[in-house]
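Worksheet: one structure, shown below.
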Amino acid sequence: MDEERAKRIELQEEQRALSLQLVASQQQELNRRAELNIISDELENSRKKHAREIADLEFDLQKKDRLLREANEDLRACRNDLEQERETVSSLKSALNAQSNAHLTLTAENRSFQTQFTALQAQYDELLRTNANLILDLEAERQEKIEMRKEATENEAVRRKLHNMVQELKGNIRVFCRVRPVLPSDITPSSGYQPTNSPNPSPNEELELIRQELKADISFPDRRDHREINIWSSSESATGQERKESYQFMFDKVFEPECTQAEVFEEISMLAQSCVDGYNVCIFAYGQTGSGKSFTMEGGASNATKGMIPRAVDQVFRVAEDLRSKGWEYQMEGQFLEIYNEAINDLLGKHEFDKKKHEIKHDPKTGSTRVTDITVIPLSSPTQVRALLSSAQSRRSVAATLMNERSSRSHSVFTLRITGSNAATGESCEGCLNLVDLAGSERINVSFGNGFGTAGSNDKERLKETQSINRSLSALGDVIAALGEKSERGDKHIPYRNSKLTYLLQNSLSGNSKTLMVLNLSPLASHLNESLTSLRFATKVNNTTLGTAKKQSR
């Protein structure tokens, strides 16, 4: 029992021990569970932490992958750039080698240039010395130029004086004679030509034969100076025999039919110079109707055929421009009028003819002439003058005569006034150039037939025109003759007032002027008597001696 008790106690002890152990074991289990929970929580926290870290690592990995891709792309670009740079480096190396060679060449050239520079520097120093000498020479030349300008001004005065002396030696009144060629208009059924008996002549030969048949017997024996003209006239004597008479005339210049407008003006051009120098100049064309007066004075449309008026105007403008370098300044003005039946008509005006009464006024102090209520136009160029001539031509009075279908029935007078001054010398001058195209000088019965009219009719108006023309031309001859007598005796009255023409040209015909008559002749045998009359009148003029021309000063 005791044993059993003992065993029971022992068993109880063991049971208690076991219970304690069990409790301890449970406690331990609880502790382990608590620890496990803690560990689990820690594991959970650690897992979450690791998950977050893994997510961050994955994000970083993705980022690094992206960066890696970008790095790869950059690497490829860098490799491409590297290749290009290698190529560039290669080309640069080649260029460097070339530059090195060029540098060597330039170094050699530089040394050469240095040598040249040294030589040029020496030349430059020499040039500086030369330049200094040239400056001194230039100053000396400037002084010489001033002296030369002064001398040129003085020489211009001497030139004007010598030019005037030359013109006076030639004569203050001169006469030129010009024979026009046979024109196609001269060859008409009424010209009296008899056909030739030559077998089958060519058209040119026939035309030349016609011209020879129509021409008067005129010769020009002076082949050197061209101053003589001879005319032969055939007539029948009372006994029926042919009588041939010879007439010899001598003038200052004779122009044959082949002479051009330029050749005629060459002899006149010096008078244009005199006009610019301050002298009154009068050039007039004289001759019967159809002798070529208007062609001589006004000319044709081309430069080769333009007449004395446009050529004289061109010369005046050209001389005035040349004298500008010597200090001269010129102003020019022009007027154009006609004298028809002793009435003055303004060819540049806009009014109808004879609506205004024009009067001629002379200034004895200055020697100038003015016409009242006349159109005076300032002139700046020769082209402007040619336009005025064309306008005036259409207004000039014309009428039909037996001598010419459009014969000028009036005297036309183109006047160019020139006023000059020289500020450097204080000189001034005033010249006047009158270019006159006279009306036809033929007799009444020659112009209009024995009936004193067109085609023999009784035309009082044409008769009045012709009588007026002949009176004025006769007055012109009287004035010139009186001027010659006054030059010899000094007390002769000059009948300027006998016609409007001579009164208008008073200051250009007197001793203060230079006068030129251009006698125009027809070459036709049918006009021989009129040609002889004109030649005698021109000889009378040519034998007249005027006084010394005086310069007109303001």
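Residues in the structure tokens are numbered from 1 in each chain, the chains being A, B, ... in the order shown, and ligands are numbered from 1 in the order shown.
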**OP:** Based on DSSP run over this structure's backbone, return all residues of range 249-369 of chain A in strand (DSSP E or B), as a ChimeraX atom specification.
**Re:** /A:249-250,253-255,280-286,299,306,328-340,343-346,360-363,368-369
Original post:
Which residues come within 6 Å of range 172-179 of chain A, counting only C-alpha atoms, excluding same-chain residues fewer than 4 positions away, as a ChimeraX atom specification?
Top reply: /A:168,251-257,514-521,542
Original post:
Pick the closest to Ser381 in chain A from A:Val316, A:Ala423, A:Leu347, A:Ala119: which is it, counting only C-alpha atoms?
Top reply: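 Ranking A:Val316, A:Ala423, A:Leu347, A:Ala119 by distance to Ser381 in chain A, first place goes to A:Val316.
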Nearby residues (only C-alpha atoms) at most 7 Å from Gly367 in chain A, same-chain spacing under 3 positions excluded, as an mmCIF file with N, CA and C atoms, in the first residue's frame:
data_model
loop_
_atom_site.group_PDB
_atom_site.id
_atom_site.type_symbol
_atom_site.label_atom_id
_atom_site.label_comp_id
_atom_site.auth_asym_id
_atom_site.auth_seq_id
_atom_site.Cartn_x
_atom_site.Cartn_y
_atom_site.Cartn_z
ATOM 1 N N HIS A 362 14.892 152.450 -133.410
ATOM 2 C CA HIS A 362 16.344 152.367 -133.318
ATOM 3 C C HIS A 362 16.830 153.082 -132.062
ATOM 4 N N ASP A 363 17.802 152.487 -131.397
ATOM 5 C CA ASP A 363 18.429 153.124 -130.241
ATOM 6 C C ASP A 363 19.812 153.616 -130.670
ATOM 7 N N PRO A 364 19.990 154.939 -130.853
ATOM 8 C CA PRO A 364 21.284 155.445 -131.346
ATOM 9 C C PRO A 364 22.433 155.225 -130.363
ATOM 10 N N ASN A 507 20.929 149.445 -138.799
ATOM 11 C CA ASN A 507 22.108 149.250 -137.950
ATOM 12 C C ASN A 507 22.961 148.059 -138.373
ATOM 13 N N GLN A 552 29.637 146.662 -130.686
ATOM 14 C CA GLN A 552 28.539 147.228 -129.919
ATOM 15 C C GLN A 552 28.671 146.811 -128.464
#
**OP:** Can you pull out every residue within 9 Å of Phe249 in chain A, counting only C-alpha atoms, but drop anything in the same chain fewer than 4 positions away, and send it as an NGL selection string?
**Re:** :A and (227-231 or 535-536 or 539)
Original post:
Distance CA of Ser412 in chain A-CA of Phe317 in chain A, one decimal place?
Top reply: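 Value for the CA of Ser412 in chain A-CA of Phe317 in chain A distance: 22.0 Å.
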**OP:** Have a look at A:Leu433, A:Val264, A:Leu82, A:Cys282 and name the one nearest to Met332 in chain A; count only C-alpha atoms.
**Re:** A:Leu433
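Minimum distance to Gly299 in chain A across A:Ser468, A:Gln28, A:Ser274, A:Gln393 (counting only C-alpha atoms) occurs at A:Gln393.
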**OP:** Would you mind reading off the distance between CA of Leu134 in chain A and CA of Gln116 in chain A, one decimal, in Å?
**Re:** 25.2 Å
Original post:
What lies within 12 Å of range 529-534 of chain A using only C-alpha atoms, ignoring chain neighbours under 5 positions off, as a PyMOL selection string?
Top reply: chain A and resi 175+177-180+216-218+229-235+245-249+285-291+403+440-447+473-474+477+517-524+539-541
Original post:
Suppose you want the space between CA of Thr369 in chain A and CA of Leu388 in chain A; what is it in Å?
Top reply: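 Distance reported for this atom pair: 20.6 Å.
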**OP:** Mind checking which residues fall within 10 Å of Asn498 in chain A, counting only C-alpha atoms, ignoring those fewer than 2 positions away in the same chain, and posting them as a PyMOL selection string?
**Re:** chain A and resi 471-472+474-476+478-479+494-496+500-503
**OP:** Using backbone DSSP assignments, extract all alpha helix (DSSP H) residues from range 229-359 of chain A; output them as number ranges by chain.
**Re:** A: 261-276, 293-297, 308-323
Quick one: write out the picked residues with N, CA and C atoms as a compact mmCIF listing (two decimals), in the first residue's frame?
# COMPACT_ATOMS: atom_id res chain seq x y z
N GLN A 261 26.04 122.81 -149.13
CA GLN A 261 25.69 123.81 -148.13
C GLN A 261 26.85 124.02 -147.15
N ALA A 262 27.53 122.94 -146.79
CA ALA A 262 28.64 123.05 -145.85
C ALA A 262 29.77 123.90 -146.43
N GLU A 263 30.05 123.75 -147.74
CA GLU A 263 31.11 124.54 -148.37
C GLU A 263 30.75 126.01 -148.40
N VAL A 264 29.48 126.32 -148.63
CA VAL A 264 29.06 127.72 -148.62
C VAL A 264 29.18 128.29 -147.22
N PHE A 265 28.74 127.53 -146.21
CA PHE A 265 28.76 128.06 -144.84
C PHE A 265 30.18 128.21 -144.31
N GLU A 266 31.11 127.41 -144.82
CA GLU A 266 32.49 127.52 -144.37
C GLU A 266 33.01 128.92 -144.57
N GLU A 267 32.57 129.59 -145.65
CA GLU A 267 33.00 130.95 -145.92
C GLU A 267 32.24 131.97 -145.08
N ILE A 268 31.10 131.55 -144.52
CA ILE A 268 30.25 132.47 -143.75
C ILE A 268 30.48 132.34 -142.25
N SER A 269 31.03 131.21 -141.81
CA SER A 269 31.07 130.89 -140.39
C SER A 269 31.79 131.95 -139.56
N MET A 270 32.80 132.59 -140.13
CA MET A 270 33.55 133.60 -139.38
C MET A 270 32.69 134.81 -139.03
N LEU A 271 31.65 135.07 -139.83
CA LEU A 271 30.74 136.17 -139.51
C LEU A 271 29.92 135.85 -138.27
N ALA A 272 29.60 134.57 -138.08
CA ALA A 272 28.91 134.17 -136.86
C ALA A 272 29.79 134.44 -135.64
N GLN A 273 31.10 134.21 -135.79
CA GLN A 273 32.05 134.52 -134.71
C GLN A 273 32.02 136.02 -134.41
N SER A 274 31.98 136.85 -135.47
CA SER A 274 31.94 138.30 -135.27
C SER A 274 30.70 138.72 -134.51
N CYS A 275 29.60 138.05 -134.77
CA CYS A 275 28.35 138.37 -134.07
C CYS A 275 28.50 138.12 -132.58
N VAL A 276 29.12 136.99 -132.21
CA VAL A 276 29.35 136.68 -130.80
C VAL A 276 30.32 137.68 -130.18
N LYS A 293 17.31 130.80 -153.28
CA LYS A 293 17.54 131.63 -152.09
C LYS A 293 17.06 130.94 -150.81
N SER A 294 15.83 130.46 -150.83
CA SER A 294 15.28 129.84 -149.62
C SER A 294 16.04 128.57 -149.26
N PHE A 295 16.47 127.82 -150.27
CA PHE A 295 17.27 126.62 -149.99
C PHE A 295 18.60 127.01 -149.35
N THR A 296 19.22 128.08 -149.89
CA THR A 296 20.50 128.53 -149.32
C THR A 296 20.33 128.96 -147.87
N MET A 297 19.28 129.71 -147.56
CA MET A 297 19.11 130.27 -146.23
C MET A 297 18.51 129.27 -145.24
N MET A 308 21.84 128.20 -144.29
CA MET A 308 22.74 129.11 -143.58
C MET A 308 22.15 129.54 -142.23
N ILE A 309 20.83 129.68 -142.14
CA ILE A 309 20.24 130.12 -140.87
C ILE A 309 20.50 129.09 -139.77
N PRO A 310 20.10 127.81 -139.92
CA PRO A 310 20.37 126.86 -138.84
C PRO A 310 21.86 126.63 -138.61
N ARG A 311 22.67 126.69 -139.67
CA ARG A 311 24.12 126.51 -139.49
C ARG A 311 24.73 127.68 -138.72
N ALA A 312 24.29 128.90 -139.04
CA ALA A 312 24.81 130.07 -138.33
C ALA A 312 24.41 130.03 -136.86
N VAL A 313 23.18 129.60 -136.61
CA VAL A 313 22.72 129.50 -135.21
C VAL A 313 23.53 128.44 -134.47
N ASP A 314 23.77 127.29 -135.12
CA ASP A 314 24.60 126.25 -134.50
C ASP A 314 25.99 126.80 -134.17
N GLN A 315 26.56 127.56 -135.11
CA GLN A 315 27.89 128.11 -134.91
C GLN A 315 27.92 129.09 -133.75
N VAL A 316 26.89 129.95 -133.67
CA VAL A 316 26.83 130.93 -132.58
C VAL A 316 26.76 130.23 -131.23
N PHE A 317 25.91 129.22 -131.11
CA PHE A 317 25.79 128.49 -129.84
C PHE A 317 27.10 127.76 -129.52
N ARG A 318 27.75 127.21 -130.53
CA ARG A 318 29.00 126.48 -130.32
C ARG A 318 30.11 127.43 -129.84
N VAL A 319 30.22 128.59 -130.48
CA VAL A 319 31.24 129.57 -130.09
C VAL A 319 30.96 130.09 -128.68
N ALA A 320 29.68 130.37 -128.39
CA ALA A 320 29.32 130.86 -127.05
C ALA A 320 29.68 129.84 -125.98
N GLU A 321 29.48 128.56 -126.28
CA GLU A 321 29.82 127.51 -125.31
C GLU A 321 31.34 127.42 -125.13
N ASP A 322 32.10 127.57 -126.21
CA ASP A 322 33.56 127.53 -126.11
C ASP A 322 34.09 128.69 -125.27
N LEU A 323 33.45 129.85 -125.38
CA LEU A 323 33.91 131.03 -124.64
C LEU A 323 33.49 131.01 -123.18
Original post:
Hey, what's within 7 Å of Thr372 in chain A if we count only C-alpha atoms and toss same-chain stuff fewer than 6 positions away? As a list in words, please?
Top reply: His358, Glu359 and Ile360 of chain A
